[in-house]
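J.: Before anything else, here's the structure in question.
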Amino acid sequence: MNLKSIKKLAAFSTALLMAIVCLSVGAFAAGVPNGNEAMHVTVKTDVSSANPGDFVTVTLNVSNNYNATSMRFPVLFDSDVFEALQADLNVQKAGVMLTEVFGTLSGVATANPAVFPAGYSPSDYGAVLIQWVGSVDVGTFSCYNQPAGSDCITFRLKVKAGASGSASVFIPPESTLFYYQAMNNPSDANTIYTMTSSTCAMTFTPAQFTVAAAAPGVAAVAGSGAVIYNTRSFIYGIADALTSLDAYIQPVGGATLQVVKSSGASCGTGTLVRVVYNAATVATYTVVLFGDLNGDANIDSSDAGLCVDYENFMMNYDPVTDAHILFAADLNGDGNVDSADAGIIIDFENFFVGINQTTGRPFIL
Ligand SMILES: [Ca+2]
Ligand SMILES: [Ca+2]
């Protein structure tokens with residue numbers, strides 16, 4: 001097929017699509033409004049509180065008293081708390097949408113300015129545009145008419161990492177994007193009619209959400225590579241020769257951190273991090289700098305010497321009280337501390353290998 005015929009086909013397909021849309025958007029607008037049309041949408045979240053990183057399911061409960069052929073709702077949310085990633089939205093039909101009312105549903109995470117009415121800045125709010133169009137089966141339109149209301153559309157939002165405070169998930173009543181098309185008789189396309197914001201009241205109830213407060217503790221600074229290994233109360237993933245851990249770890253949940261350095265001003269293996277809350281120490285972590293056994297925050301031949309001495313029983317590390325040193329020393333991860341680990345340290349000192357402090361393993365430079 002040459003380019004010209006592809007273009008012709010595309011033009012034909014577009015024309016066909018336009019014809020269908022025109023049909024469902026009122027080419028035969030000969031219906032008569034009842035005069036009392038109204039729609040109400042209640043926005044709900046499955047939980048009123050969740051942690052940063054959690055997903056929250058948003059449900060739209062829609063009640064109306066007319067045969068709606070389509071629905072469109074911009075759903076806004078505070079963007080300092082929530083984010084909508086298209087791959088995570090998981091937009092679903094629910095309730096009567098699955099059993100009685102059929103059609104096509106879509107949800108798009110969007111920053112399109114048209115979705116944000118005056119007063120709602122895209123710098124403050126994120127948005128998902130929800131659209132549903134009823135299908136036609138043997139000449140009968142699948143219209144949405146649920147006077148008692150139905151939980152009919154769901155999608156997911158993610159609580160942003162580091163978020164705190166509260167947020168609303170809501171449909172701005174000022175939006176001009178709502179669909180106002182209806183029909184008297186779903187089996188008669190000649191009874192389609194179109195209303196306006198003044199002839200069909202659209203009202204909305206927002207959802208309120210609060211980010212769960214974190215328990216007092218320690219957290220990695222995002223992007224730092226630090227790892228809080230809670231099972232063994234270790235902290236690793238830091239650089240060598242540090243005199244402060246501030247770029248790697250931070251207190252959360254109202255705690256403060258007390259750092260007891262392993263050697264003078266240096267934060268090497270054996271540095272203690274105490275989590276203090278209400279004047280009490282609620283947890284203590286031990287810092288591990290892989291390759292640093294003596295705690296001076298450098299990785300060099302003196303540490304290699306300790307590996308060899310340990311292998312030759314010239315000194316001992318207690319499996320419990322010195323567990324952090326044995327963990328720091330086992331660079332090849334074979335469960336032993338010996339000359340093989342010493343060799344890696346010497347190679348590091350001589351710039352033949354690097355040590356990935358987030359995994360504890362060497363890599364060729
Ligand atoms: Ca050292
Ligand atoms: Ca080893």
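How things are named: the first chain in the structure tokens is A, the next is B, and so on; residues count from 1 in each chain; ligands count from 1 in the order shown.
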Which residues sit within 12 Å of ligand 2, counting only C-alpha atoms and all ligand atoms, listed as a count of residues only?

T.: 30

J.: Can you tell me which residues sit at most 6 Å away from ligand 1, counting only C-alpha atoms and all ligand atoms, written as a list in words?

T.: Asp292, Leu293, Asn294, Gly295, Asp296, Ala297, Asn298, Ile299, Asp300 and Asp303 of chain A

J.: Using only C-alpha atoms, what does the table of segment 233-317 of chain A residues within 7 Å of segment 217-226 of chain A look like, with each row giving the shortest atom pair and its distance in Å to one decimal, sorted by chain and ascending number, as a Markdown table?

T.:
```
| residue | atom | partner | partner_atom | distance |
| --- | --- | --- | --- | --- |
| A:Tyr236 | CA | A:Ala226 | CA | 5.7 |
| A:Gly237 | CA | A:Ala226 | CA | 4.1 |
| A:Ile238 | CA | A:Ala226 | CA | 5.8 |
| A:Ala247 | CA | A:Val221 | CA | 6.6 |
| A:Tyr248 | CA | A:Val221 | CA | 5.1 |
| A:Ile249 | CA | A:Ala220 | CA | 4.5 |
| A:Gln250 | CA | A:Ala219 | CA | 5.4 |
| A:Pro251 | CA | A:Val218 | CA | 4.5 |
| A:Val252 | CA | A:Gly217 | CA | 5.3 |
| A:Gly253 | CA | A:Gly217 | CA | 6.4 |
| A:Ala255 | CA | A:Gly217 | CA | 6.2 |
| A:Val275 | CA | A:Gly217 | CA | 6.0 |
```

J.: Residues within 7 Å of segment 93-106 of chain A, please, as a PDB file with C-alpha atoms, in the first residue's frame. Count only C-alpha atoms; anything in the same chain fewer than 3 positions from it doesn't count.

T.:
```pdb
ATOM      1  CA  ILE A 130     -12.507  10.305  32.897  1.00  0.00           C
ATOM      2  CA  GLN A 131     -14.749   9.669  29.885  1.00  0.00           C
ATOM      3  CA  TRP A 132     -17.473   7.141  29.335  1.00  0.00           C
ATOM      4  CA  VAL A 133     -19.540   6.705  26.172  1.00  0.00           C
ATOM      5  CA  GLY A 134     -22.438   4.263  26.144  1.00  0.00           C
ATOM      6  CA  SER A 135     -22.463   1.620  23.430  1.00  0.00           C
ATOM      7  CA  SER A 142     -26.794   1.946  26.655  1.00  0.00           C
ATOM      8  CA  CYS A 143     -27.741   4.962  28.782  1.00  0.00           C
ATOM      9  CA  TYR A 144     -26.669   5.661  32.358  1.00  0.00           C
ATOM     10  CA  SER A 150     -23.861   3.573  41.708  1.00  0.00           C
ATOM     11  CA  ASP A 151     -20.150   3.145  42.364  1.00  0.00           C
ATOM     12  CA  CYS A 152     -19.415   2.903  38.661  1.00  0.00           C
ATOM     13  CA  ILE A 153     -15.863   4.060  37.886  1.00  0.00           C
ATOM     14  CA  THR A 154     -12.596   3.498  39.756  1.00  0.00           C
TER      15      THR A 154
END
```

J.: Interatomic distance between atom CA of Asn316 of chain A and atom CA of Leu272 of chain A?

T.: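 Value for the atom CA of Asn316 of chain A-atom CA of Leu272 of chain A distance: 21.2 Å.
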
J.: Need to verify the contact set: Tyr277 of chain A, 8 Å, only C-alpha atoms, exclusion of same-chain residues closer than 4 positions in sequence. Can you return it as a compact mmCIF listing (two decimals) with N, CA and C atoms, in the first residue's frame?

T.:
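So the final result, stored in selection-v1.txt, reads:
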```txt
# COMPACT_ATOMS: atom_id res chain seq x y z
N PRO A 216 8.12 7.20 64.46
CA PRO A 216 9.46 7.75 64.67
C PRO A 216 10.51 6.76 64.16
N GLY A 254 8.89 12.74 63.58
CA GLY A 254 9.12 13.57 64.75
C GLY A 254 10.32 13.16 65.58
N ALA A 255 11.10 12.18 65.08
CA ALA A 255 12.28 11.73 65.82
C ALA A 255 13.45 12.69 65.59
N THR A 256 14.49 12.54 66.40
CA THR A 256 15.78 13.16 66.11
C THR A 256 16.81 12.04 66.08
N THR A 281 15.50 6.72 73.53
CA THR A 281 16.06 6.06 72.34
C THR A 281 15.14 4.91 71.96
N VAL A 282 14.52 5.02 70.78
CA VAL A 282 13.55 4.00 70.37
C VAL A 282 14.17 2.98 69.42
```

J.: Which is closest to Pro33 of chain A among A:Asn64, A:Asn112, A:Thr191, A:Asn90, if we use only C-alpha atoms?

T.: A:Thr191

J.: Enumerate, in order of chain and increasing residue number, the residues of segment 76-116 of chain A with an atom no farther than 8 Å from segment 159-180 of chain A, each with its shortest atom pair and distance in Å to one decimal, counting only C-alpha atoms, as a Markdown table.

T.:
```
| residue | atom | partner | partner_atom | distance |
| --- | --- | --- | --- | --- |
| A:Leu76 | CA | A:Phe170 | CA | 5.3 |
| A:Phe77 | CA | A:Val169 | CA | 4.5 |
| A:Asp78 | CA | A:Ala167 | CA | 5.5 |
| A:Asp80 | CA | A:Ala163 | CA | 6.6 |
| A:Val81 | CA | A:Ala163 | CA | 5.2 |
| A:Phe82 | CA | A:Val159 | CA | 4.7 |
| A:Glu83 | CA | A:Lys160 | CA | 6.2 |
| A:Val115 | CA | A:Ser175 | CA | 7.3 |
| A:Phe116 | CA | A:Ser175 | CA | 7.3 |
```

J.: Quick check, in Å to one decimal: how far apart do atom CA of Ser49 of chain A and atom CA of Asp124 of chain A lie?

T.: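 A separation of 20.3 Å between them.
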
J.: Between A:Thr269, A:Ser121, A:Asn278, A:Ser70, which one has atoms that come closest to Asp240 of chain A, using only C-alpha atoms?

T.: A:Thr269

J.: Measure the distance from atom CA of Phe155 of chain A to atom CA of Thr57 of chain A in Å and round it to one decimal.

T.: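 The value is 5.7 Å.
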
J.: From a backbone DSSP assignment, name each residue in segment 156-365 of chain A labelled strand (DSSP E), as a PyMOL selection string.

T.: chain A and resi 156-159+166-170+181-183+192-194+201-205+207-211+217-220+227-229+234-236+249-252+256-260+272-277+280-287+353-356+361-364
